[in-house]
Amino acid sequence: MKKLVNKLLFSVLFPLYYKWQCKKSVQENSGLFIELRYFEMSNNFQYLCEALEKKGVICELYCMGNHRISGFSYMKRCLEMLKKLAVSKYAFINDVNNVIGSITLRKETKLVQTWHGCGAFKKFGFHINPKLEKRFYPKCDIVTVSSPSVVSIYEEAMGLDRGLVCPLGVSRTDLFFSEEQCEKLRRQCLQKLGTGEDKKYILYAPTFRGNAHYAVLPKLLTPTELYNALGENYIILFKGHPAMRDSVYVQEEYQDFYKDVSQGYTIEELMLVSDLCITDYSSLIFEYALLDKPMIFYAYDSEEYERDRGFYFPYKEFIPGAYCAEGWQVVDEILHPSGEYREKRKEFCERFMSCCDGHATERIIEQLL
């Protein structure tokens, strides 16, 4: 029954409804930013929206709410999105979008895919599932990536023609090249934390397990195993992946040391205020490398993750920081760093982030207009 409903939606209803809405004229100087999963404008979109508005483009955000609202409500939001898309001059997506992939986009509309991650780390798209329906990756006019070295990976993973994937950079990284903006955000974050500058901050940002629809917490480093060794000099800032809905329980006695900052803080603020990052398979490592700060990779399940998801490069050779499989190793690495990874971070940036130089937004808008 579900297959039949999907076939009717994607093969009949969505294409016909969009075609009907295309009888209206395109609104010149209109931009539509389409968020698939979340109910706010993501950081890449914010920079592009501001740049377009300076050029006289009237921009609108539309949130589809995929997997966060009921099936019928989601269908209604899909139709509303198609209605807006039909009359938009410029449209932006940052994720898969099988609704847009089910239609033939009118030639007057330019579609840009900014994707939500930098570089190339974990396998995705057709590299995970060769039988994935092609509509999940709509044909775009521009797909932006962070460096030339990942162009072919995105072409194959998204099933795109050559020439569509452009190494123009990633808009949200422009922030890191403005000392004034960075200092402003850092101070803002310290004020919210209310802890002053006499401590060192560790950003703990693991990615989820499972998949984006049913994301679950990984096995976490706990306050009890960290506090005795680090409590006097450090504060842990735990930032959960947006797809994870489970919260982290922190005992009252550790709440000044181990702070859950998953809500109310941007990842950019936390990257700027932190002195060190602990992660596993998160693509934030590409942006964090731009800051030239140390990283520790607590990847207790790297073999299992490699088997189930897969990486584009051998994990332990690829990461620009120390690898740890046990919690005690993480603590030891913080207190007694085992090596100097600065040169590796530099090479990592040159390979995967060469087009993130503070002018990415400018180049994307130039290419678009």
# chains A, B, ... in the order shown; residues from 1 in each chain; ligands from 1

call {"tool": "residues_around", "arguments": {"residues": "A:Gly339", "least_positions_apart": "2", "cutoff": "12 Å", "atoms": "only C-alpha atoms", "output": "number ranges by chain"}}
result
A: 294-296, 320-323, 333-334, 336-337, 341-344

call {"tool": "write_last_selection", "arguments": {"atoms": "all heavy atoms", "output": "short mmCIF file (atom, residue, chain, number, x, y, z; two decimals), in the first residue's frame"}}
result
data_model
loop_
_atom_site.label_atom_id
_atom_site.label_comp_id
_atom_site.auth_asym_id
_atom_site.auth_seq_id
_atom_site.Cartn_x
_atom_site.Cartn_y
_atom_site.Cartn_z
N PRO A 294 43.72 21.42 17.86
CA PRO A 294 43.85 19.96 17.94
C PRO A 294 42.51 19.23 17.99
O PRO A 294 41.51 19.76 18.49
CB PRO A 294 44.65 19.73 19.21
CG PRO A 294 44.58 21.00 19.97
CD PRO A 294 44.32 22.10 19.01
N MET A 295 42.51 18.01 17.45
CA MET A 295 41.32 17.14 17.47
C MET A 295 41.72 15.75 17.97
O MET A 295 42.83 15.28 17.70
CB MET A 295 40.75 17.01 16.05
CG MET A 295 40.07 18.24 15.54
SD MET A 295 39.45 18.01 13.84
CE MET A 295 40.77 18.75 12.90
N ILE A 296 40.79 15.14 18.69
CA ILE A 296 40.95 13.75 19.14
C ILE A 296 39.77 12.97 18.59
O ILE A 296 38.62 13.42 18.66
CB ILE A 296 40.99 13.65 20.68
CG1 ILE A 296 42.24 14.36 21.22
CG2 ILE A 296 40.97 12.19 21.13
CD1 ILE A 296 42.29 14.45 22.73
N PRO A 320 43.00 14.00 10.91
CA PRO A 320 44.09 14.91 11.27
C PRO A 320 44.23 15.11 12.78
O PRO A 320 44.22 16.23 13.30
CB PRO A 320 43.67 16.21 10.58
CG PRO A 320 42.18 16.18 10.66
CD PRO A 320 41.77 14.74 10.57
N GLY A 321 44.31 13.99 13.48
CA GLY A 321 44.40 14.05 14.94
C GLY A 321 44.58 12.65 15.51
O GLY A 321 44.63 11.66 14.77
N ALA A 322 44.68 12.56 16.83
CA ALA A 322 44.95 11.28 17.50
C ALA A 322 43.73 10.38 17.50
O ALA A 322 42.61 10.83 17.74
CB ALA A 322 45.41 11.54 18.93
N TYR A 323 43.95 9.08 17.25
CA TYR A 323 42.89 8.08 17.28
C TYR A 323 42.85 7.41 18.64
O TYR A 323 43.89 6.97 19.17
CB TYR A 323 43.14 7.03 16.19
CG TYR A 323 42.27 5.79 16.32
CD1 TYR A 323 40.95 5.80 15.90
CD2 TYR A 323 42.78 4.62 16.90
CE1 TYR A 323 40.14 4.68 16.03
CE2 TYR A 323 41.97 3.50 17.04
CZ TYR A 323 40.67 3.53 16.60
OH TYR A 323 39.87 2.43 16.73
N GLU A 333 45.38 11.41 26.11
CA GLU A 333 45.76 12.24 24.96
C GLU A 333 45.57 13.73 25.26
O GLU A 333 46.35 14.57 24.81
CB GLU A 333 44.94 11.84 23.73
CG GLU A 333 45.32 12.54 22.44
CD GLU A 333 46.74 12.26 21.98
OE1 GLU A 333 47.24 11.14 22.19
OE2 GLU A 333 47.35 13.18 21.40
N ILE A 334 44.55 14.05 26.03
CA ILE A 334 44.33 15.46 26.42
C ILE A 334 45.46 15.94 27.33
O ILE A 334 46.01 17.03 27.14
CB ILE A 334 42.97 15.62 27.13
CG1 ILE A 334 41.82 15.34 26.16
CG2 ILE A 334 42.82 17.03 27.71
CD1 ILE A 334 40.47 15.19 26.82
N HIS A 336 48.45 14.37 27.90
CA HIS A 336 49.81 14.10 27.38
C HIS A 336 49.72 13.82 25.89
O HIS A 336 49.74 12.66 25.46
CB HIS A 336 50.44 12.90 28.10
CG HIS A 336 50.32 12.95 29.59
ND1 HIS A 336 51.04 13.83 30.36
CD2 HIS A 336 49.53 12.25 30.45
CE1 HIS A 336 50.73 13.66 31.64
NE2 HIS A 336 49.81 12.72 31.72
N PRO A 337 49.59 14.87 25.06
CA PRO A 337 49.45 14.67 23.60
C PRO A 337 50.56 13.79 23.03
O PRO A 337 51.74 13.99 23.35
CB PRO A 337 49.53 16.10 23.05
CG PRO A 337 49.12 16.97 24.19
CD PRO A 337 49.62 16.29 25.42
N TYR A 341 50.17 17.31 15.24
CA TYR A 341 49.37 17.08 14.05
C TYR A 341 49.18 18.35 13.21
O TYR A 341 48.38 18.37 12.29
CB TYR A 341 48.00 16.49 14.42
CG TYR A 341 48.09 15.10 14.98
CD1 TYR A 341 48.19 14.89 16.36
CD2 TYR A 341 48.10 13.99 14.14
CE1 TYR A 341 48.29 13.61 16.88
CE2 TYR A 341 48.19 12.71 14.65
CZ TYR A 341 48.28 12.53 16.02
OH TYR A 341 48.37 11.26 16.54
N ARG A 342 49.90 19.40 13.55
CA ARG A 342 49.68 20.68 12.88
C ARG A 342 49.94 20.59 11.38
O ARG A 342 49.18 21.10 10.57
CB ARG A 342 50.56 21.76 13.51
CG ARG A 342 50.15 23.16 13.09
CD ARG A 342 50.75 24.21 13.98
NE ARG A 342 50.08 25.48 13.78
CZ ARG A 342 50.35 26.57 14.46
NH1 ARG A 342 51.26 26.54 15.41
NH2 ARG A 342 49.70 27.70 14.21
N GLU A 343 51.03 19.92 11.01
CA GLU A 343 51.36 19.78 9.59
C GLU A 343 50.31 18.94 8.87
O GLU A 343 49.94 19.23 7.73
CB GLU A 343 52.74 19.13 9.43
CG GLU A 343 53.32 19.20 8.01
CD GLU A 343 53.46 20.63 7.48
OE1 GLU A 343 53.78 21.54 8.27
OE2 GLU A 343 53.23 20.82 6.27
N LYS A 344 49.80 17.92 9.56
CA LYS A 344 48.76 17.08 8.96
C LYS A 344 47.47 17.87 8.78
O LYS A 344 46.77 17.69 7.77
CB LYS A 344 48.52 15.83 9.81
CG LYS A 344 47.61 14.83 9.13
CD LYS A 344 47.61 13.48 9.79
CE LYS A 344 46.79 12.48 8.98
NZ LYS A 344 46.76 11.14 9.59
#

call {"tool": "residues_around", "arguments": {"residues": "A:Asp198", "least_positions_apart": "3", "cutoff": "10 Å", "atoms": "only C-alpha atoms", "output": "MDAnalysis selection string"}}
result
chainID A and resid 195 201 233:234

call {"tool": "residues_around", "arguments": {"residues": "A:Pro130", "least_positions_apart": "5", "cutoff": "10 Å", "atoms": "only C-alpha atoms", "output": "PDB file with N, CA, C and O atoms, in the first residue's frame"}}
result
ATOM      1  N   GLY A 125      24.890   8.616  -0.562  1.00  0.00           N
ATOM      2  CA  GLY A 125      24.230   8.521  -1.862  1.00  0.00           C
ATOM      3  C   GLY A 125      24.360   7.153  -2.518  1.00  0.00           C
ATOM      4  O   GLY A 125      24.214   6.111  -1.871  1.00  0.00           O
ATOM      5  N   ALA A 157      28.447  10.019  -6.211  1.00  0.00           N
ATOM      6  CA  ALA A 157      27.530   9.758  -5.092  1.00  0.00           C
ATOM      7  C   ALA A 157      26.134  10.304  -5.363  1.00  0.00           C
ATOM      8  O   ALA A 157      25.134   9.741  -4.914  1.00  0.00           O
ATOM      9  N   GLY A 159      25.039  10.941  -8.592  1.00  0.00           N
ATOM     10  CA  GLY A 159      24.620  10.561  -9.944  1.00  0.00           C
ATOM     11  C   GLY A 159      24.458  11.752 -10.868  1.00  0.00           C
ATOM     12  O   GLY A 159      23.500  11.811 -11.644  1.00  0.00           O
TER      13      GLY A 159
END

call {"tool": "select_by_dssp", "arguments": {"residues": "stretch 208-265 of chain A", "states": "strand (DSSP E)", "output": "PyMOL selection string"}}
result
chain A and resi 234-238+258-260

call {"tool": "closest_residue", "arguments": {"among": "A:His241, A:Lys192, A:Lys139, A:Lys346", "to": "A:Asp161", "atoms": "only C-alpha atoms"}}
result
A:Lys139

call {"tool": "residues_around", "arguments": {"residues": "A:Asp141", "least_positions_apart": "2", "cutoff": "9 Å", "atoms": "only C-alpha atoms", "output": "ChimeraX atom specification"}}
result
/A:110-113,139,143,164-165,368

call {"tool": "closest_residue", "arguments": {"among": "A:Val5, A:Cys324, A:Leu226, A:Met244", "to": "A:Phe72", "atoms": "only C-alpha atoms"}}
result
A:Val5

call {"tool": "residues_around", "arguments": {"residues": "A:Val150", "least_positions_apart": "4", "cutoff": "12 Å", "atoms": "only C-alpha atoms", "output": "short mmCIF file (atom, residue, chain, number, x, y, z; two decimals) with all heavy atoms, in the first residue's frame"}}
result
data_model
loop_
_atom_site.label_atom_id
_atom_site.label_comp_id
_atom_site.auth_asym_id
_atom_site.auth_seq_id
_atom_site.Cartn_x
_atom_site.Cartn_y
_atom_site.Cartn_z
N GLY A 117 27.50 19.29 4.32
CA GLY A 117 28.80 18.94 4.88
C GLY A 117 29.92 19.37 3.96
O GLY A 117 29.74 19.48 2.74
N CYS A 118 31.08 19.62 4.55
CA CYS A 118 32.27 19.94 3.75
C CYS A 118 33.03 18.65 3.43
O CYS A 118 32.79 17.60 4.01
CB CYS A 118 33.19 20.86 4.53
SG CYS A 118 32.50 22.46 4.93
N GLY A 119 33.98 18.77 2.48
CA GLY A 119 34.87 17.66 2.19
C GLY A 119 34.16 16.39 1.78
O GLY A 119 33.02 16.42 1.28
N ALA A 120 34.82 15.26 2.02
CA ALA A 120 34.23 13.93 1.78
C ALA A 120 34.84 12.99 2.80
O ALA A 120 36.05 12.84 2.88
CB ALA A 120 34.53 13.46 0.36
N PHE A 121 33.99 12.36 3.59
CA PHE A 121 34.44 11.55 4.73
C PHE A 121 33.71 10.22 4.69
O PHE A 121 34.23 9.22 4.20
CB PHE A 121 34.15 12.34 5.99
CG PHE A 121 34.70 11.79 7.27
CD1 PHE A 121 34.56 12.49 8.46
CD2 PHE A 121 35.38 10.58 7.32
CE1 PHE A 121 35.06 12.02 9.66
CE2 PHE A 121 35.89 10.08 8.50
CZ PHE A 121 35.73 10.82 9.67
N LYS A 123 30.84 7.63 3.34
CA LYS A 123 30.18 7.39 2.04
C LYS A 123 28.70 7.80 2.12
O LYS A 123 28.08 7.72 3.17
CB LYS A 123 30.30 5.92 1.65
CG LYS A 123 31.71 5.53 1.25
CD LYS A 123 31.79 4.11 0.74
CE LYS A 123 33.22 3.78 0.28
NZ LYS A 123 33.34 2.38 -0.20
N VAL A 143 26.17 22.56 -7.97
CA VAL A 143 26.36 21.85 -6.69
C VAL A 143 27.70 22.35 -6.15
O VAL A 143 28.73 22.20 -6.79
CB VAL A 143 26.41 20.32 -6.89
CG1 VAL A 143 26.66 19.63 -5.55
CG2 VAL A 143 25.12 19.81 -7.50
N THR A 144 27.68 22.99 -4.98
CA THR A 144 28.90 23.59 -4.45
C THR A 144 29.62 22.62 -3.52
O THR A 144 29.00 21.94 -2.71
CB THR A 144 28.59 24.88 -3.68
OG1 THR A 144 27.78 24.58 -2.54
CG2 THR A 144 27.82 25.86 -4.57
N VAL A 145 30.95 22.57 -3.64
CA VAL A 145 31.78 21.74 -2.75
C VAL A 145 33.00 22.53 -2.31
O VAL A 145 33.30 23.59 -2.85
CB VAL A 145 32.21 20.41 -3.42
CG1 VAL A 145 31.01 19.52 -3.67
CG2 VAL A 145 32.97 20.66 -4.72
N SER A 146 33.73 21.96 -1.34
CA SER A 146 34.78 22.72 -0.65
C SER A 146 36.14 22.68 -1.34
O SER A 146 37.01 23.48 -1.00
CB SER A 146 34.93 22.20 0.78
OG SER A 146 35.24 20.82 0.78
N TYR A 154 31.42 13.58 -5.34
CA TYR A 154 30.04 14.09 -5.32
C TYR A 154 29.31 13.76 -6.63
O TYR A 154 28.12 13.44 -6.60
CB TYR A 154 30.05 15.61 -5.08
CG TYR A 154 30.17 15.97 -3.62
CD1 TYR A 154 31.39 15.85 -2.95
CD2 TYR A 154 29.08 16.43 -2.89
CE1 TYR A 154 31.52 16.18 -1.61
CE2 TYR A 154 29.19 16.78 -1.56
CZ TYR A 154 30.42 16.63 -0.92
OH TYR A 154 30.54 16.95 0.42
N GLU A 155 30.01 13.84 -7.74
CA GLU A 155 29.37 13.49 -9.03
C GLU A 155 28.84 12.07 -8.99
O GLU A 155 27.69 11.81 -9.39
CB GLU A 155 30.39 13.63 -10.16
CG GLU A 155 30.68 15.06 -10.56
CD GLU A 155 31.80 15.16 -11.59
OE1 GLU A 155 32.54 14.17 -11.79
OE2 GLU A 155 31.96 16.25 -12.18
N GLU A 156 29.67 11.14 -8.51
CA GLU A 156 29.28 9.73 -8.49
C GLU A 156 28.25 9.45 -7.40
O GLU A 156 27.28 8.72 -7.63
CB GLU A 156 30.53 8.86 -8.28
CG GLU A 156 31.50 8.89 -9.46
CD GLU A 156 32.83 8.25 -9.12
OE1 GLU A 156 32.90 7.56 -8.08
OE2 GLU A 156 33.78 8.44 -9.89
N ALA A 157 28.45 10.02 -6.21
CA ALA A 157 27.53 9.76 -5.09
C ALA A 157 26.13 10.30 -5.36
O ALA A 157 25.13 9.74 -4.91
CB ALA A 157 28.07 10.35 -3.80
N VAL A 165 29.07 19.93 -10.54
CA VAL A 165 29.68 20.06 -9.23
C VAL A 165 30.83 21.07 -9.33
O VAL A 165 31.78 20.85 -10.07
CB VAL A 165 30.19 18.71 -8.68
CG1 VAL A 165 30.83 18.89 -7.31
CG2 VAL A 165 29.04 17.70 -8.60
N CYS A 166 30.71 22.17 -8.60
CA CYS A 166 31.65 23.28 -8.72
C CYS A 166 32.40 23.51 -7.40
O CYS A 166 31.76 23.73 -6.37
CB CYS A 166 30.91 24.56 -9.09
SG CYS A 166 29.90 24.43 -10.57
N PRO A 167 33.72 23.48 -7.42
CA PRO A 167 34.50 23.77 -6.20
C PRO A 167 34.57 25.26 -5.94
O PRO A 167 35.57 25.92 -6.21
CB PRO A 167 35.88 23.17 -6.53
CG PRO A 167 35.99 23.24 -8.02
CD PRO A 167 34.59 23.10 -8.56
N LEU A 168 33.49 25.79 -5.39
CA LEU A 168 33.37 27.23 -5.13
C LEU A 168 33.56 27.56 -3.65
O LEU A 168 33.67 28.72 -3.29
CB LEU A 168 31.99 27.73 -5.59
CG LEU A 168 31.66 27.54 -7.07
CD1 LEU A 168 30.21 27.87 -7.35
CD2 LEU A 168 32.58 28.40 -7.93
N GLY A 169 33.57 26.52 -2.81
CA GLY A 169 33.68 26.73 -1.38
C GLY A 169 32.34 26.56 -0.68
O GLY A 169 31.32 26.32 -1.32
N TYR A 312 35.58 7.08 2.55
CA TYR A 312 36.23 7.27 1.25
C TYR A 312 37.74 7.06 1.34
O TYR A 312 38.39 6.84 0.32
CB TYR A 312 35.93 8.67 0.72
CG TYR A 312 34.52 8.79 0.21
CD1 TYR A 312 33.58 9.57 0.87
CD2 TYR A 312 34.10 8.07 -0.92
CE1 TYR A 312 32.27 9.65 0.41
CE2 TYR A 312 32.80 8.14 -1.37
CZ TYR A 312 31.89 8.93 -0.71
OH TYR A 312 30.59 9.00 -1.16
N PHE A 313 38.28 7.12 2.56
CA PHE A 313 39.72 6.96 2.75
C PHE A 313 39.94 6.13 4.00
O PHE A 313 39.09 6.11 4.89
CB PHE A 313 40.38 8.34 2.91
CG PHE A 313 39.98 9.33 1.85
CD1 PHE A 313 38.98 10.26 2.10
CD2 PHE A 313 40.58 9.32 0.61
CE1 PHE A 313 38.58 11.17 1.13
CE2 PHE A 313 40.19 10.22 -0.38
CZ PHE A 313 39.20 11.15 -0.12
N GLU A 350 44.46 21.86 2.83
CA GLU A 350 44.83 22.09 1.43
C GLU A 350 44.13 21.10 0.51
O GLU A 350 43.75 21.43 -0.61
CB GLU A 350 46.35 22.00 1.27
CG GLU A 350 47.09 23.18 1.86
CD GLU A 350 48.60 22.99 1.89
OE1 GLU A 350 49.06 21.87 1.53
OE2 GLU A 350 49.31 23.93 2.28
N ARG A 351 43.96 19.89 1.00
CA ARG A 351 43.34 18.84 0.19
C ARG A 351 41.83 18.97 0.11
O ARG A 351 41.24 18.83 -0.97
CB ARG A 351 43.72 17.47 0.75
CG ARG A 351 43.18 16.30 -0.04
CD ARG A 351 43.63 14.99 0.56
NE ARG A 351 43.16 13.85 -0.21
CZ ARG A 351 43.34 12.58 0.15
NH1 ARG A 351 44.01 12.29 1.26
NH2 ARG A 351 42.87 11.59 -0.59
N PHE A 352 41.18 19.25 1.26
CA PHE A 352 39.72 19.19 1.31
C PHE A 352 39.02 20.54 1.44
O PHE A 352 37.81 20.62 1.23
CB PHE A 352 39.29 18.31 2.49
CG PHE A 352 39.67 16.87 2.34
CD1 PHE A 352 40.70 16.33 3.09
CD2 PHE A 352 39.03 16.06 1.42
CE1 PHE A 352 41.08 15.00 2.95
CE2 PHE A 352 39.40 14.72 1.27
CZ PHE A 352 40.42 14.20 2.03
N MET A 353 39.75 21.60 1.76
CA MET A 353 39.10 22.90 2.03
C MET A 353 39.75 24.04 1.26
O MET A 353 39.65 25.20 1.66
CB MET A 353 39.17 23.19 3.54
CG MET A 353 38.51 22.15 4.42
SD MET A 353 36.72 22.08 4.21
CE MET A 353 36.20 23.51 5.13
N SER A 354 40.38 23.75 0.15
CA SER A 354 41.16 24.77 -0.57
C SER A 354 40.32 25.92 -1.11
O SER A 354 40.83 27.00 -1.38
CB SER A 354 41.96 24.12 -1.71
OG SER A 354 41.08 23.49 -2.63
N CYS A 355 39.02 25.70 -1.31
CA CYS A 355 38.15 26.77 -1.83
C CYS A 355 37.39 27.49 -0.71
O CYS A 355 36.52 28.31 -0.99
CB CYS A 355 37.17 26.20 -2.85
SG CYS A 355 37.99 25.58 -4.33
#

call {"tool": "decode", "arguments": {"residues": "stretch 24-79 of chain A", "atoms": "C-alpha atoms", "output": "PDB file, in the first residue's frame"}}
result
ATOM      1  CA  LYS A  24       2.036  31.381 -13.401  1.00  0.00           C
ATOM      2  CA  SER A  25       4.990  33.572 -14.345  1.00  0.00           C
ATOM      3  CA  VAL A  26       8.289  33.349 -12.504  1.00  0.00           C
ATOM      4  CA  GLN A  27       8.780  36.210 -10.059  1.00  0.00           C
ATOM      5  CA  GLU A  28      12.017  37.857 -11.106  1.00  0.00           C
ATOM      6  CA  ASN A  29      14.465  38.540  -8.280  1.00  0.00           C
ATOM      7  CA  SER A  30      12.893  35.875  -6.043  1.00  0.00           C
ATOM      8  CA  GLY A  31      14.853  33.322  -4.044  1.00  0.00           C
ATOM      9  CA  LEU A  32      13.546  30.254  -2.212  1.00  0.00           C
ATOM     10  CA  PHE A  33      15.609  28.454   0.447  1.00  0.00           C
ATOM     11  CA  ILE A  34      14.263  24.958   1.094  1.00  0.00           C
ATOM     12  CA  GLU A  35      15.060  23.189   4.378  1.00  0.00           C
ATOM     13  CA  LEU A  36      14.136  19.525   4.228  1.00  0.00           C
ATOM     14  CA  ARG A  37      14.392  18.475   7.884  1.00  0.00           C
ATOM     15  CA  TYR A  38      14.710  21.451  10.206  1.00  0.00           C
ATOM     16  CA  PHE A  39      12.505  24.425  11.031  1.00  0.00           C
ATOM     17  CA  GLU A  40      15.088  27.187  10.795  1.00  0.00           C
ATOM     18  CA  MET A  41      17.490  28.535   8.178  1.00  0.00           C
ATOM     19  CA  SER A  42      20.844  26.730   8.255  1.00  0.00           C
ATOM     20  CA  ASN A  43      24.099  28.654   8.316  1.00  0.00           C
ATOM     21  CA  ASN A  44      25.056  28.126   4.649  1.00  0.00           C
ATOM     22  CA  PHE A  45      21.691  29.518   3.623  1.00  0.00           C
ATOM     23  CA  GLN A  46      21.997  32.516   5.949  1.00  0.00           C
ATOM     24  CA  TYR A  47      25.133  33.810   4.231  1.00  0.00           C
ATOM     25  CA  LEU A  48      23.731  33.244   0.739  1.00  0.00           C
ATOM     26  CA  CYS A  49      20.399  34.831   1.666  1.00  0.00           C
ATOM     27  CA  GLU A  50      22.108  37.968   3.000  1.00  0.00           C
ATOM     28  CA  ALA A  51      24.283  38.239  -0.126  1.00  0.00           C
ATOM     29  CA  LEU A  52      21.296  37.856  -2.460  1.00  0.00           C
ATOM     30  CA  GLU A  53      19.199  40.380  -0.559  1.00  0.00           C
ATOM     31  CA  LYS A  54      22.006  42.924  -0.960  1.00  0.00           C
ATOM     32  CA  LYS A  55      21.584  42.443  -4.702  1.00  0.00           C
ATOM     33  CA  GLY A  56      17.849  43.085  -4.540  1.00  0.00           C
ATOM     34  CA  VAL A  57      16.648  39.468  -4.494  1.00  0.00           C
ATOM     35  CA  ILE A  58      13.619  38.896  -2.245  1.00  0.00           C
ATOM     36  CA  CYS A  59      14.319  35.679  -0.342  1.00  0.00           C
ATOM     37  CA  GLU A  60      11.997  33.293   1.488  1.00  0.00           C
ATOM     38  CA  LEU A  61      12.634  30.264   3.679  1.00  0.00           C
ATOM     39  CA  TYR A  62      10.399  27.209   3.366  1.00  0.00           C
ATOM     40  CA  CYS A  63      10.741  24.326   5.852  1.00  0.00           C
ATOM     41  CA  MET A  64       9.356  20.981   4.710  1.00  0.00           C
ATOM     42  CA  GLY A  65       9.585  19.191   8.069  1.00  0.00           C
ATOM     43  CA  ASN A  66      10.484  15.754   6.695  1.00  0.00           C
ATOM     44  CA  HIS A  67      10.090  13.003   9.360  1.00  0.00           C
ATOM     45  CA  ARG A  68       9.110  15.627  11.946  1.00  0.00           C
ATOM     46  CA  ILE A  69       5.432  15.945  11.067  1.00  0.00           C
ATOM     47  CA  SER A  70       2.720  13.459  10.071  1.00  0.00           C
ATOM     48  CA  GLY A  71       2.568  11.983   6.582  1.00  0.00           C
ATOM     49  CA  PHE A  72      -0.511  13.933   5.502  1.00  0.00           C
ATOM     50  CA  SER A  73       0.854  17.234   6.861  1.00  0.00           C
ATOM     51  CA  TYR A  74       4.148  16.556   5.114  1.00  0.00           C
ATOM     52  CA  MET A  75       2.365  15.938   1.795  1.00  0.00           C
ATOM     53  CA  LYS A  76       0.572  19.288   2.155  1.00  0.00           C
ATOM     54  CA  ARG A  77       3.889  21.017   2.870  1.00  0.00           C
ATOM     55  CA  CYS A  78       5.421  19.360  -0.211  1.00  0.00           C
ATOM     56  CA  LEU A  79       2.647  20.777  -2.376  1.00  0.00           C
TER      57      LEU A  79
END
